[in-house]
file coords_33.pdb (PDB, C-alpha atoms and all ligand atoms)
ATOM      1  CA  MET A   1       0.328 -56.358 -54.429
ATOM      2  CA  ALA A   2       1.656 -59.499 -52.780
ATOM      3  CA  LEU A   3      -0.103 -62.799 -53.327
ATOM      4  CA  ARG A   4      -3.631 -62.709 -51.974
ATOM      5  CA  LEU A   5      -5.506 -65.961 -52.387
ATOM      6  CA  CYS A   6      -8.579 -67.243 -50.629
ATOM      7  CA  ALA A   7      -9.734 -70.863 -50.716
ATOM      8  CA  LEU A   8     -13.113 -71.945 -49.349
ATOM      9  CA  SER A   9     -13.108 -75.583 -48.395
ATOM     10  CA  VAL A  10     -16.046 -77.566 -47.060
ATOM     11  CA  ASP A  11     -15.758 -80.677 -44.904
ATOM     12  CA  LEU A  12     -18.656 -82.946 -45.766
ATOM     13  CA  ASP A  13     -19.100 -84.580 -42.357
ATOM     14  CA  GLU A  14     -22.543 -86.226 -42.421
ATOM     15  CA  ILE A  15     -24.962 -85.556 -39.580
ATOM     16  CA  GLY A  16     -24.105 -88.839 -37.841
ATOM     17  CA  HIS A  17     -20.644 -87.442 -37.055
ATOM     18  CA  TYR A  18     -22.230 -84.571 -35.106
ATOM     19  CA  HIS A  19     -24.258 -87.068 -33.121
ATOM     20  CA  ALA A  20     -20.966 -88.845 -32.324
ATOM     21  CA  ILE A  21     -19.277 -85.603 -31.155
ATOM     22  CA  HIS A  22     -22.180 -84.863 -28.828
ATOM     23  CA  GLY A  23     -22.416 -88.409 -27.471
ATOM     24  CA  MET A  24     -25.866 -88.947 -29.081
ATOM     25  CA  ALA A  25     -27.245 -92.137 -30.638
ATOM     26  CA  PRO A  26     -26.759 -92.303 -34.443
ATOM     27  CA  PRO A  27     -29.584 -90.803 -36.564
ATOM     28  CA  ALA A  28     -32.087 -93.317 -37.939
ATOM     29  CA  GLY A  29     -32.706 -94.123 -41.600
ATOM     30  CA  ASP A  30     -30.865 -93.435 -44.831
ATOM     31  CA  ARG A  31     -30.979 -89.647 -44.645
ATOM     32  CA  ALA A  32     -27.908 -87.785 -45.842
ATOM     33  CA  PRO A  33     -28.776 -84.065 -45.579
ATOM     34  CA  ILE A  34     -25.181 -83.015 -46.178
ATOM     35  CA  TYR A  35     -25.010 -84.611 -49.637
ATOM     36  CA  ASP A  36     -28.702 -84.327 -50.547
ATOM     37  CA  VAL A  37     -29.224 -80.724 -49.438
ATOM     38  CA  ALA A  38     -26.008 -78.938 -48.430
ATOM     39  CA  VAL A  39     -23.830 -79.910 -51.421
ATOM     40  CA  PRO A  40     -26.305 -78.667 -54.083
ATOM     41  CA  ARG A  41     -26.920 -75.547 -51.958
ATOM     42  CA  LEU A  42     -23.172 -74.911 -51.703
ATOM     43  CA  SER A  43     -22.709 -75.403 -55.456
ATOM     44  CA  ARG A  44     -25.444 -72.889 -56.139
ATOM     45  CA  LEU A  45     -23.973 -70.375 -53.667
ATOM     46  CA  ALA A  46     -20.499 -70.844 -55.154
ATOM     47  CA  GLY A  47     -21.964 -70.196 -58.609
ATOM     48  CA  ALA A  48     -23.673 -67.019 -57.398
ATOM     49  CA  LEU A  49     -20.444 -65.814 -55.767
ATOM     50  CA  ASP A  50     -18.378 -66.961 -58.763
ATOM     51  CA  LEU A  51     -15.804 -68.996 -56.852
ATOM     52  CA  PRO A  52     -14.613 -72.610 -56.731
ATOM     53  CA  LEU A  53     -14.946 -74.784 -53.617
ATOM     54  CA  THR A  54     -12.832 -77.635 -52.312
ATOM     55  CA  PHE A  55     -14.861 -80.427 -50.735
ATOM     56  CA  PHE A  56     -13.261 -82.780 -48.216
ATOM     57  CA  ALA A  57     -15.226 -86.011 -48.461
ATOM     58  CA  VAL A  58     -15.413 -88.999 -46.119
ATOM     59  CA  GLY A  59     -14.967 -92.127 -48.236
ATOM     60  CA  ALA A  60     -17.542 -94.319 -46.484
ATOM     61  CA  ASP A  61     -20.297 -91.747 -47.114
ATOM     62  CA  LEU A  62     -19.823 -92.280 -50.859
ATOM     63  CA  ALA A  63     -20.981 -95.902 -50.656
ATOM     64  CA  ARG A  64     -24.481 -94.343 -50.874
ATOM     65  CA  ALA A  65     -25.052 -93.896 -54.600
ATOM     66  CA  ARG A  66     -26.997 -90.649 -54.298
ATOM     67  CA  SER A  67     -24.230 -89.073 -52.187
ATOM     68  CA  ALA A  68     -21.555 -90.165 -54.662
ATOM     69  CA  ALA A  69     -23.617 -88.647 -57.497
ATOM     70  CA  ALA A  70     -23.944 -85.325 -55.638
ATOM     71  CA  LEU A  71     -20.168 -85.103 -55.207
ATOM     72  CA  ARG A  72     -19.542 -86.156 -58.818
ATOM     73  CA  ASP A  73     -21.884 -83.391 -60.013
ATOM     74  CA  ALA A  74     -20.049 -80.817 -57.883
ATOM     75  CA  VAL A  75     -16.665 -81.909 -59.264
ATOM     76  CA  GLY A  76     -18.160 -81.663 -62.761
ATOM     77  CA  GLU A  77     -18.932 -78.001 -62.035
ATOM     78  CA  GLY A  78     -15.250 -77.302 -61.380
ATOM     79  CA  HIS A  79     -14.994 -77.828 -57.625
ATOM     80  CA  ALA A  80     -12.052 -79.765 -56.184
ATOM     81  CA  VAL A  81     -12.229 -82.701 -53.789
ATOM     82  CA  GLY A  82      -9.842 -83.742 -51.024
ATOM     83  CA  ASN A  83      -9.548 -86.796 -48.771
ATOM     84  CA  HIS A  84     -11.170 -86.585 -45.325
ATOM     85  CA  THR A  85     -10.365 -90.291 -44.569
ATOM     86  CA  GLN A  86     -12.473 -93.369 -45.159
ATOM     87  CA  SER A  87     -14.505 -93.348 -41.926
ATOM     88  CA  HIS A  88     -13.787 -90.077 -40.075
ATOM     89  CA  ARG A  89     -12.537 -91.615 -36.839
ATOM     90  CA  TYR A  90     -11.959 -88.755 -34.396
ATOM     91  CA  ASP A  91      -9.436 -91.000 -32.615
ATOM     92  CA  LEU A  92      -7.603 -91.784 -35.882
ATOM     93  CA  THR A  93      -4.200 -90.745 -34.545
ATOM     94  CA  ARG A  94      -4.436 -93.327 -31.726
ATOM     95  CA  LEU A  95      -5.225 -96.307 -33.929
ATOM     96  CA  GLY A  96      -1.764 -97.258 -35.144
ATOM     97  CA  ARG A  97       0.175 -96.960 -38.360
ATOM     98  CA  ASP A  98      -1.579 -99.711 -40.341
ATOM     99  CA  PHE A  99      -5.054 -98.496 -39.503
ATOM    100  CA  ILE A 100      -4.187 -94.879 -40.323
ATOM    101  CA  GLY A 101      -2.622 -95.925 -43.625
ATOM    102  CA  ARG A 102      -5.779 -97.828 -44.579
ATOM    103  CA  GLU A 103      -7.986 -94.861 -43.653
ATOM    104  CA  ILE A 104      -5.948 -92.648 -45.999
ATOM    105  CA  ASP A 105      -5.807 -95.183 -48.852
ATOM    106  CA  GLU A 106      -9.438 -96.267 -48.714
ATOM    107  CA  GLY A 107     -10.649 -92.672 -48.439
ATOM    108  CA  ALA A 108      -8.722 -91.738 -51.579
ATOM    109  CA  ALA A 109      -9.929 -94.848 -53.429
ATOM    110  CA  SER A 110     -13.589 -94.213 -52.510
ATOM    111  CA  ILE A 111     -13.356 -90.642 -53.787
ATOM    112  CA  GLU A 112     -11.693 -91.722 -57.013
ATOM    113  CA  ARG A 113     -14.387 -94.367 -57.538
ATOM    114  CA  ALA A 114     -17.151 -91.819 -56.954
ATOM    115  CA  CYS A 115     -15.812 -88.889 -58.998
ATOM    116  CA  GLY A 116     -13.035 -90.231 -61.217
ATOM    117  CA  VAL A 117     -10.426 -87.901 -59.741
ATOM    118  CA  ARG A 118      -7.655 -88.677 -57.292
ATOM    119  CA  PRO A 119      -7.738 -86.284 -54.288
ATOM    120  CA  LYS A 120      -4.579 -84.169 -54.003
ATOM    121  CA  GLY A 121      -5.049 -82.903 -50.449
ATOM    122  CA  PHE A 122      -5.841 -84.389 -47.050
ATOM    123  CA  ARG A 123      -7.694 -83.150 -43.984
ATOM    124  CA  ALA A 124      -7.733 -85.116 -40.721
ATOM    125  CA  PRO A 125     -10.960 -85.570 -38.718
ATOM    126  CA  GLY A 126     -11.326 -83.053 -35.869
ATOM    127  CA  TYR A 127      -8.113 -81.161 -36.895
ATOM    128  CA  THR A 128      -6.125 -83.803 -34.962
ATOM    129  CA  ILE A 129      -2.930 -84.769 -36.733
ATOM    130  CA  THR A 130       0.457 -86.199 -35.718
ATOM    131  CA  ASP A 131       3.952 -86.683 -37.114
ATOM    132  CA  GLU A 132       2.976 -90.294 -37.874
ATOM    133  CA  VAL A 133       0.076 -89.174 -40.083
ATOM    134  CA  PHE A 134       2.313 -86.669 -41.864
ATOM    135  CA  ALA A 135       4.876 -89.421 -42.579
ATOM    136  CA  LEU A 136       2.165 -91.673 -44.046
ATOM    137  CA  LEU A 137       0.803 -88.854 -46.222
ATOM    138  CA  ARG A 138       4.255 -88.077 -47.540
ATOM    139  CA  GLU A 139       4.946 -91.743 -48.392
ATOM    140  CA  ARG A 140       1.802 -91.672 -50.502
ATOM    141  CA  GLY A 141       2.738 -88.557 -52.427
ATOM    142  CA  VAL A 142      -0.153 -86.473 -51.101
ATOM    143  CA  ALA A 143       0.361 -82.891 -52.326
ATOM    144  CA  TYR A 144      -0.638 -81.091 -49.143
ATOM    145  CA  ASP A 145      -2.327 -81.357 -45.781
ATOM    146  CA  SER A 146      -4.765 -78.856 -44.304
ATOM    147  CA  SER A 147      -5.530 -79.952 -40.720
ATOM    148  CA  VAL A 148      -3.412 -77.842 -38.376
ATOM    149  CA  PHE A 149      -5.586 -75.373 -36.478
ATOM    150  CA  PRO A 150      -3.375 -73.210 -34.230
ATOM    151  CA  CYS A 151      -6.286 -71.627 -32.401
ATOM    152  CA  PRO A 152      -6.212 -71.319 -28.572
ATOM    153  CA  ALA A 153      -9.910 -70.295 -28.335
ATOM    154  CA  TYR A 154     -11.072 -73.304 -30.381
ATOM    155  CA  LYS A 155      -8.870 -75.738 -28.481
ATOM    156  CA  ALA A 156     -10.057 -74.460 -25.094
ATOM    157  CA  ALA A 157     -13.734 -74.731 -26.129
ATOM    158  CA  LYS A 158     -13.288 -78.202 -27.604
ATOM    159  CA  ASP A 159     -11.334 -79.554 -24.607
ATOM    160  CA  LEU A 160     -13.986 -78.144 -22.263
ATOM    161  CA  ALA A 161     -16.852 -79.721 -24.246
ATOM    162  CA  ILE A 162     -15.134 -83.113 -24.248
ATOM    163  CA  SER A 163     -14.606 -82.904 -20.470
ATOM    164  CA  VAL A 164     -18.195 -81.844 -19.792
ATOM    165  CA  TYR A 165     -19.664 -84.659 -21.912
ATOM    166  CA  SER A 166     -17.391 -87.076 -20.094
ATOM    167  CA  LEU A 167     -18.591 -85.803 -16.683
ATOM    168  CA  LEU A 168     -22.191 -86.170 -17.871
ATOM    169  CA  GLY A 169     -21.512 -89.809 -18.734
ATOM    170  CA  LYS A 170     -22.042 -89.145 -22.465
ATOM    171  CA  PRO A 171     -18.492 -89.569 -23.753
ATOM    172  CA  SER A 172     -17.735 -87.635 -26.925
ATOM    173  CA  ARG A 173     -15.927 -89.399 -29.741
ATOM    174  CA  SER A 174     -13.586 -86.403 -30.053
ATOM    175  CA  VAL A 175     -10.098 -86.574 -28.555
ATOM    176  CA  ILE A 176      -8.027 -83.935 -26.785
ATOM    177  CA  ASP A 177      -5.156 -82.775 -28.967
ATOM    178  CA  THR A 178      -1.579 -81.861 -28.025
ATOM    179  CA  PRO A 179      -1.194 -78.204 -26.938
ATOM    180  CA  ALA A 180       1.934 -78.053 -29.132
ATOM    181  CA  VAL A 181      -0.362 -77.468 -32.138
ATOM    182  CA  LEU A 182      -0.830 -73.934 -30.792
ATOM    183  CA  LEU A 183       2.852 -73.270 -31.580
ATOM    184  CA  ALA A 184       2.370 -74.045 -35.276
ATOM    185  CA  PRO A 185       2.755 -71.347 -37.945
ATOM    186  CA  THR A 186      -0.487 -69.734 -39.071
ATOM    187  CA  ARG A 187       0.596 -69.385 -42.722
ATOM    188  CA  PRO A 188       1.427 -72.122 -45.268
ATOM    189  CA  TYR A 189       4.649 -73.939 -44.308
ATOM    190  CA  ARG A 190       6.549 -77.159 -44.810
ATOM    191  CA  VAL A 191       6.424 -79.338 -41.739
ATOM    192  CA  GLY A 192       9.563 -80.278 -39.840
ATOM    193  CA  ALA A 193      10.534 -83.273 -37.692
ATOM    194  CA  ARG A 194       7.689 -82.173 -35.434
ATOM    195  CA  PHE A 195       4.752 -81.086 -37.553
ATOM    196  CA  TYR A 196       4.218 -77.833 -35.658
ATOM    197  CA  ARG A 197       7.719 -76.637 -36.532
ATOM    198  CA  ARG A 198       9.046 -75.594 -39.913
ATOM    199  CA  GLY A 199      11.111 -77.999 -41.973
ATOM    200  CA  ASP A 200      11.263 -79.438 -45.491
ATOM    201  CA  GLY A 201       8.442 -81.980 -45.251
ATOM    202  CA  LEU A 202       4.886 -81.972 -46.542
ATOM    203  CA  LEU A 203       3.182 -78.675 -47.347
ATOM    204  CA  GLU A 204       0.711 -77.673 -44.625
ATOM    205  CA  LEU A 205      -2.029 -75.122 -45.243
ATOM    206  CA  PRO A 206      -3.229 -74.287 -41.714
ATOM    207  CA  ILE A 207      -6.895 -73.616 -40.966
ATOM    208  CA  GLN A 208      -7.385 -69.852 -40.766
ATOM    209  CA  VAL A 209      -7.103 -67.802 -37.580
ATOM    210  CA  THR A 210      -7.188 -64.020 -37.254
ATOM    211  CA  ARG A 211      -3.874 -62.211 -36.822
ATOM    212  CA  ARG A 212      -4.684 -60.746 -33.429
ATOM    213  CA  PHE A 213      -5.759 -63.199 -30.738
ATOM    214  CA  ARG A 214      -5.776 -66.056 -33.277
ATOM    215  CA  LEU A 215      -9.570 -66.190 -33.270
ATOM    216  CA  PRO A 216     -11.124 -69.001 -35.313
ATOM    217  CA  PHE A 217     -11.912 -67.805 -38.856
ATOM    218  CA  ILE A 218     -14.067 -70.776 -39.830
ATOM    219  CA  GLY A 219     -17.633 -71.313 -40.997
ATOM    220  CA  THR A 220     -19.168 -71.920 -37.571
ATOM    221  CA  SER A 221     -17.632 -68.855 -35.920
ATOM    222  CA  LEU A 222     -18.598 -66.618 -38.871
ATOM    223  CA  VAL A 223     -22.160 -67.962 -38.863
ATOM    224  CA  MET A 224     -22.460 -67.274 -35.128
ATOM    225  CA  ALA A 225     -21.030 -63.769 -35.659
ATOM    226  CA  GLY A 226     -23.528 -62.832 -38.415
ATOM    227  CA  PRO A 227     -22.826 -60.647 -41.483
ATOM    228  CA  ASP A 228     -21.725 -57.427 -39.753
ATOM    229  CA  ARG A 229     -19.357 -58.938 -37.224
ATOM    230  CA  ALA A 230     -18.134 -61.417 -39.864
ATOM    231  CA  ARG A 231     -16.977 -58.395 -41.897
ATOM    232  CA  MET A 232     -15.015 -57.197 -38.856
ATOM    233  CA  LEU A 233     -13.455 -60.627 -38.360
ATOM    234  CA  THR A 234     -12.541 -60.644 -42.045
ATOM    235  CA  ALA A 235     -10.593 -57.414 -41.575
ATOM    236  CA  GLY A 236      -8.483 -59.464 -39.120
ATOM    237  CA  VAL A 237      -7.248 -61.792 -41.883
ATOM    238  CA  VAL A 238      -6.755 -59.235 -44.690
ATOM    239  CA  GLY A 239      -3.081 -59.198 -45.649
ATOM    240  CA  GLU A 240      -2.560 -62.917 -45.110
ATOM    241  CA  PRO A 241      -1.097 -64.487 -48.282
ATOM    242  CA  LEU A 242      -3.670 -67.285 -48.092
ATOM    243  CA  VAL A 243      -7.025 -67.089 -46.369
ATOM    244  CA  ASN A 244      -7.838 -70.759 -45.852
ATOM    245  CA  LEU A 245     -11.497 -70.571 -44.915
ATOM    246  CA  GLU A 246     -12.892 -73.893 -43.764
ATOM    247  CA  LEU A 247     -16.628 -74.536 -43.731
ATOM    248  CA  HIS A 248     -18.636 -77.630 -42.952
ATOM    249  CA  GLY A 249     -21.626 -78.847 -44.935
ATOM    250  CA  ILE A 250     -23.782 -78.208 -41.862
ATOM    251  CA  ASP A 251     -22.976 -74.468 -42.210
ATOM    252  CA  LEU A 252     -25.458 -74.385 -45.123
ATOM    253  CA  LEU A 253     -28.248 -76.241 -43.292
ATOM    254  CA  ASP A 254     -30.582 -75.243 -40.475
ATOM    255  CA  GLU A 255     -32.914 -76.904 -37.993
ATOM    256  CA  HIS A 256     -35.742 -77.002 -40.554
ATOM    257  CA  ASP A 257     -33.760 -79.345 -42.762
ATOM    258  CA  ASP A 258     -34.412 -83.025 -42.428
ATOM    259  CA  GLY A 259     -33.239 -84.475 -39.127
ATOM    260  CA  LEU A 260     -31.357 -81.431 -37.789
ATOM    261  CA  GLY A 261     -33.884 -80.489 -35.115
ATOM    262  CA  ALA A 262     -32.330 -83.128 -32.825
ATOM    263  CA  LEU A 263     -29.115 -81.083 -32.736
ATOM    264  CA  ARG A 264     -30.612 -77.693 -31.857
ATOM    265  CA  ASP A 265     -29.903 -77.916 -28.105
ATOM    266  CA  ARG A 266     -26.304 -78.963 -28.548
ATOM    267  CA  GLN A 267     -25.317 -76.970 -31.595
ATOM    268  CA  ARG A 268     -26.706 -73.455 -31.570
ATOM    269  CA  ASP A 269     -25.586 -72.684 -35.132
ATOM    270  CA  VAL A 270     -28.316 -74.965 -36.572
ATOM    271  CA  ARG A 271     -30.893 -72.477 -35.235
ATOM    272  CA  ILE A 272     -29.602 -69.782 -37.568
ATOM    273  CA  GLY A 273     -31.507 -69.741 -40.852
ATOM    274  CA  VAL A 274     -29.873 -70.647 -44.162
ATOM    275  CA  ALA A 275     -30.618 -67.240 -45.723
ATOM    276  CA  ARG A 276     -28.709 -65.444 -42.976
ATOM    277  CA  LYS A 277     -25.818 -67.905 -43.253
ATOM    278  CA  GLU A 278     -25.590 -67.259 -47.006
ATOM    279  CA  GLU A 279     -25.668 -63.528 -46.326
ATOM    280  CA  THR A 280     -22.756 -63.927 -43.894
ATOM    281  CA  PHE A 281     -20.598 -65.860 -46.358
ATOM    282  CA  GLY A 282     -21.472 -63.359 -49.076
ATOM    283  CA  ALA A 283     -20.291 -60.527 -46.809
ATOM    284  CA  VAL A 284     -16.973 -62.288 -46.158
ATOM    285  CA  VAL A 285     -16.369 -62.956 -49.856
ATOM    286  CA  GLU A 286     -17.264 -59.382 -50.832
ATOM    287  CA  THR A 287     -14.900 -57.970 -48.171
ATOM    288  CA  LEU A 288     -11.991 -60.135 -49.314
ATOM    289  CA  ARG A 289     -12.612 -59.416 -52.989
ATOM    290  CA  ARG A 290     -12.564 -55.686 -52.320
ATOM    291  CA  GLU A 291      -9.147 -56.213 -50.697
ATOM    292  CA  GLY A 292      -7.784 -57.836 -53.846
ATOM    293  CA  TYR A 293      -8.231 -61.517 -53.011
ATOM    294  CA  ALA A 294      -8.586 -64.056 -55.807
ATOM    295  CA  PHE A 295     -10.633 -67.174 -55.055
ATOM    296  CA  VAL A 296      -9.027 -70.511 -55.897
ATOM    297  CA  THR A 297      -9.360 -74.178 -54.966
ATOM    298  CA  LEU A 298      -7.176 -75.387 -52.114
ATOM    299  CA  ASP A 299      -5.321 -77.508 -54.702
ATOM    300  CA  GLU A 300      -4.448 -74.317 -56.597
ATOM    301  CA  ALA A 301      -3.459 -72.568 -53.368
ATOM    302  CA  ALA A 302      -1.118 -75.488 -52.609
ATOM    303  CA  GLU A 303       0.503 -75.152 -56.036
ATOM    304  CA  ALA A 304       1.017 -71.429 -55.444
ATOM    305  CA  HIS A 305       2.770 -72.172 -52.133
ATOM    306  CA  ALA A 306       4.677 -75.281 -53.240
TER
HETATM  307 ZN    ZN B 401     -14.643 -83.628 -40.396
END

call {"tool": "encode", "arguments": {"input": "coords_33.pdb", "output": "structure tokens"}}
result
Amino acid sequence: MALRLCALSVDLDEIGHYHAIHGMAPPAGDRAPIYDVAVPRLSRLAGALDLPLTFFAVGADLARARSAAALRDAVGEGHAVGNHTQSHRYDLTRLGRDFIGREIDEGAASIERACGVRPKGFRAPGYTITDEVFALLRERGVAYDSSVFPCPAYKAAKDLAISVYSLLGKPSRSVIDTPAVLLAPTRPYRVGARFYRRGDGLLELPIQVTRRFRLPFIGTSLVMAGPDRARMLTAGVVGEPLVNLELHGIDLLDEHDDGLGALRDRQRDVRIGVARKEETFGAVVETLRREGYAFVTLDEAAEAHA
């Protein structure tokens, strides 16, 4: 059988970033439910499912000692960690070369300080990436990027949400991306002079879409689908050489966890209970395993496609 790898990665965007997307005031206090609750929960789930995870951490979040310790513990259990920038600016690509370079460098340094390992991979905030970011990553010897999300349904929904919030006078911090990203390959590729074309540049591991209709095959859409329909969606990615399944820490939380109730009107997935979410991810993993998929870190997947 041809190569069949699946990598589950988890972006550890803290709850404040969701407030920013939805144009809400930042949450009060020193709560960090992603690191305090979701990371240990994810480690336990990964242990039960016998697979490694790849966490994409935001450097600034690791200034909190307890958050840094949670990530260090996860890395100690065999999970990988990638760079999700220092401060998760959704408008990163508009901030100029020097700023972007610092966001990459400081993110990597914060992660290395917290866990003692240098991140090999990079993921941009909000899936928004440009040729300029790719050039900066390559200069720094980053092994791979995993930010390109060639998904028409996701892009349409995101653009609509940004426009609606703007009309309501509650501007979102997200930015509208170039439609050219929809032309990008859906399987691992080396980026060209324009990142959405093939070339001999940095290795890109695109965020997963289904073969037909390019539906989003990510944590949020699977959680909303539930276990049975998630199995059907999974059938739509079987046969892909790499299933690059991207979750967010919030996918393992619900509205009963500390401070998430404020999001329930804007983010319906927080209303779904954790037990059902775990059942959904278990169903996806079981389906892929039955189809001969081996579970690896995204770092290992990058090596296999290098
Ligand atoms: Zn993020």

call {"tool": "atom_distance", "arguments": {"input": "coords_33.pdb", "atom1": "atom CA of Ala60 of chain A", "atom2": "atom CA of Met24 of chain A"}}
result
20.0 Å

call {"tool": "residues_near_ligand", "arguments": {"input": "coords_33.pdb", "ligand": "ligand ZN 401 (chain B)", "cutoff": "10 Å", "atoms": "only C-alpha atoms and all ligand atoms", "output": "list in words"}}
result
Val10, Asp11, Leu12, Asp13, Glu14, His17, Tyr18, Phe56, Ala57, Val58, His84, Thr85, Ser87, His88, Arg89, Tyr90, Arg123, Ala124, Pro125, Gly126, Tyr127, Ser147, Leu247, His248 and Gly249 of chain A

call {"tool": "resolve_selection", "arguments": {"input": "coords_33.pdb", "expression": "the PyMOL selection byres (((chain A and resi 45) around 12) and not hetatm)", "output": "MDAnalysis selection string"}}
result
chainID A and resid 8 38:44 46:53 74 252 274:275 277:282 285

call {"tool": "residues_around", "arguments": {"input": "coords_33.pdb", "residues": "Ala302 of chain A", "least_positions_apart": "6", "cutoff": "8 Å", "atoms": "only C-alpha atoms", "output": "PDB file with C-alpha atoms, in the frame of the given file"}}
result
ATOM      1  CA  ALA A 143       0.361 -82.891 -52.326  1.00  0.00           C
ATOM      2  CA  TYR A 144      -0.638 -81.091 -49.143  1.00  0.00           C
ATOM      3  CA  LEU A 203       3.182 -78.675 -47.347  1.00  0.00           C
ATOM      4  CA  LEU A 205      -2.029 -75.122 -45.243  1.00  0.00           C
TER       5      LEU A 205
END

call {"tool": "closest_residue", "arguments": {"input": "coords_33.pdb", "among": "A:Ala225, A:Ala306, A:Ile111, A:Ala184", "to": "Pro206 of chain A", "atoms": "all atoms listed in the file"}}
result
A:Ala184

call {"tool": "residues_around", "arguments": {"input": "coords_33.pdb", "residues": "Arg266 of chain A", "least_positions_apart": "4", "cutoff": "12 Å", "atoms": "all atoms listed in the file", "output": "PDB file with C-alpha atoms, in the frame of the given file"}}
result
ATOM      1  CA  TYR A  18     -22.230 -84.571 -35.106  1.00  0.00           C
ATOM      2  CA  HIS A  19     -24.258 -87.068 -33.121  1.00  0.00           C
ATOM      3  CA  ALA A  20     -20.966 -88.845 -32.324  1.00  0.00           C
ATOM      4  CA  ILE A  21     -19.277 -85.603 -31.155  1.00  0.00           C
ATOM      5  CA  HIS A  22     -22.180 -84.863 -28.828  1.00  0.00           C
ATOM      6  CA  GLY A  23     -22.416 -88.409 -27.471  1.00  0.00           C
ATOM      7  CA  MET A  24     -25.866 -88.947 -29.081  1.00  0.00           C
ATOM      8  CA  ALA A 161     -16.852 -79.721 -24.246  1.00  0.00           C
ATOM      9  CA  TYR A 165     -19.664 -84.659 -21.912  1.00  0.00           C
ATOM     10  CA  GLU A 255     -32.914 -76.904 -37.993  1.00  0.00           C
ATOM     11  CA  LEU A 260     -31.357 -81.431 -37.789  1.00  0.00           C
ATOM     12  CA  GLY A 261     -33.884 -80.489 -35.115  1.00  0.00           C
ATOM     13  CA  ALA A 262     -32.330 -83.128 -32.825  1.00  0.00           C
ATOM     14  CA  VAL A 270     -28.316 -74.965 -36.572  1.00  0.00           C
ATOM     15  CA  ARG A 271     -30.893 -72.477 -35.235  1.00  0.00           C
TER      16      ARG A 271
END

call {"tool": "closest_residue", "arguments": {"input": "coords_33.pdb", "among": "A:Asp73, A:Asp61, A:Glu139, A:Glu246", "to": "Ser221 of chain A", "atoms": "all atoms listed in the file"}}
result
A:Glu246

call {"tool": "closest_residue", "arguments": {"input": "coords_33.pdb", "among": "A:Ile129, A:Ile100, A:Val223, A:Ile15", "to": "Gly273 of chain A", "atoms": "only C-alpha atoms"}}
result
A:Val223

call {"tool": "closest_residue", "arguments": {"input": "coords_33.pdb", "among": "A:Leu253, A:Leu136, A:Pro188, A:Ala235", "to": "Asp36 of chain A", "atoms": "only C-alpha atoms"}}
result
A:Leu253

call {"tool": "atom_distance", "arguments": {"input": "coords_33.pdb", "atom1": "atom CA of Arg138 of chain A", "atom2": "atom CA of Ala180 of chain A"}}
result
21.1 Å

call {"tool": "closest_residue", "arguments": {"input": "coords_33.pdb", "among": "A:Gly59, A:Gly121, A:Gly82, A:Pro33", "to": "Gly107 of chain A", "atoms": "all atoms listed in the file"}}
result
A:Gly59

call {"tool": "resolve_selection", "arguments": {"input": "coords_33.pdb", "expression": "the PyMOL selection byres (((chain A and resi 198) around 12) and not hetatm)", "output": "NGL selection string"}}
result
:A and (183-197 or 199-204)

call {"tool": "closest_residue", "arguments": {"input": "coords_33.pdb", "among": "A:Ser9, A:Ser67, A:Thr93, A:Ser110", "to": "Phe55 of chain A", "atoms": "all atoms listed in the file"}}
result
A:Ser9

call {"tool": "resolve_selection", "arguments": {"input": "coords_33.pdb", "expression": "the PyMOL selection byres (((chain A and resi 287) around 10) and not hetatm)", "output": "ChimeraX atom specification"}}
result
/A:230-232,234-235,238,281-286,288-293

call {"tool": "atom_distance", "arguments": {"input": "coords_33.pdb", "atom1": "atom CA of Ala63 of chain A", "atom2": "atom CA of Tyr35 of chain A"}}
result
12.0 Å

call {"tool": "residues_around", "arguments": {"input": "coords_33.pdb", "residues": "Ala65 of chain A", "least_positions_apart": "6", "cutoff": "12 Å", "atoms": "only C-alpha atoms", "output": "JSON, numbers by chain"}}
result
{"A": [30, 32, 35, 36, 71, 72, 110, 113, 114, 115]}

call {"tool": "write_last_selection", "arguments": {"input": "coords_33.pdb", "atoms": "C-alpha atoms", "output": "compact mmCIF listing (two decimals), in the coordinates of the input"}}
result
# COMPACT_ATOMS: atom_id res chain seq x y z
CA ASP A 30 -30.86 -93.44 -44.83
CA ALA A 32 -27.91 -87.78 -45.84
CA TYR A 35 -25.01 -84.61 -49.64
CA ASP A 36 -28.70 -84.33 -50.55
CA LEU A 71 -20.17 -85.10 -55.21
CA ARG A 72 -19.54 -86.16 -58.82
CA SER A 110 -13.59 -94.21 -52.51
CA ARG A 113 -14.39 -94.37 -57.54
CA ALA A 114 -17.15 -91.82 -56.95
CA CYS A 115 -15.81 -88.89 -59.00

call {"tool": "residues_around", "arguments": {"input": "coords_33.pdb", "residues": "segment 208-212 of chain A", "least_positions_apart": "6", "cutoff": "6 Å", "atoms": "all atoms listed in the file", "output": "mmCIF file with C-alpha atoms, keeping the file's coordinate frame"}}
result
data_model
loop_
_atom_site.group_PDB
_atom_site.id
_atom_site.type_symbol
_atom_site.label_atom_id
_atom_site.label_comp_id
_atom_site.auth_asym_id
_atom_site.auth_seq_id
_atom_site.Cartn_x
_atom_site.Cartn_y
_atom_site.Cartn_z
ATOM 1 C CA GLY A 236 -8.483 -59.464 -39.120
ATOM 2 C CA VAL A 237 -7.248 -61.792 -41.883
ATOM 3 C CA ASN A 244 -7.838 -70.759 -45.852
ATOM 4 C CA LEU A 245 -11.497 -70.571 -44.915
#

call {"tool": "axis_aligned_box", "arguments": {"input": "coords_33.pdb", "around": "segment 283-295 of chain A", "padding_each_side": "3 Å", "output": "JSON"}}
result
{"center_x": -14.0, "center_y": -61.4, "center_z": -51.0, "size_x": 18.5, "size_y": 17.5, "size_z": 15.6}

call {"tool": "residues_around", "arguments": {"input": "coords_33.pdb", "residues": "Ile176 of chain A", "least_positions_apart": "2", "cutoff": "8 Å", "atoms": "only C-alpha atoms", "output": "VMD selection string"}}
result
chain A and resid 158 to 159 162 174 178
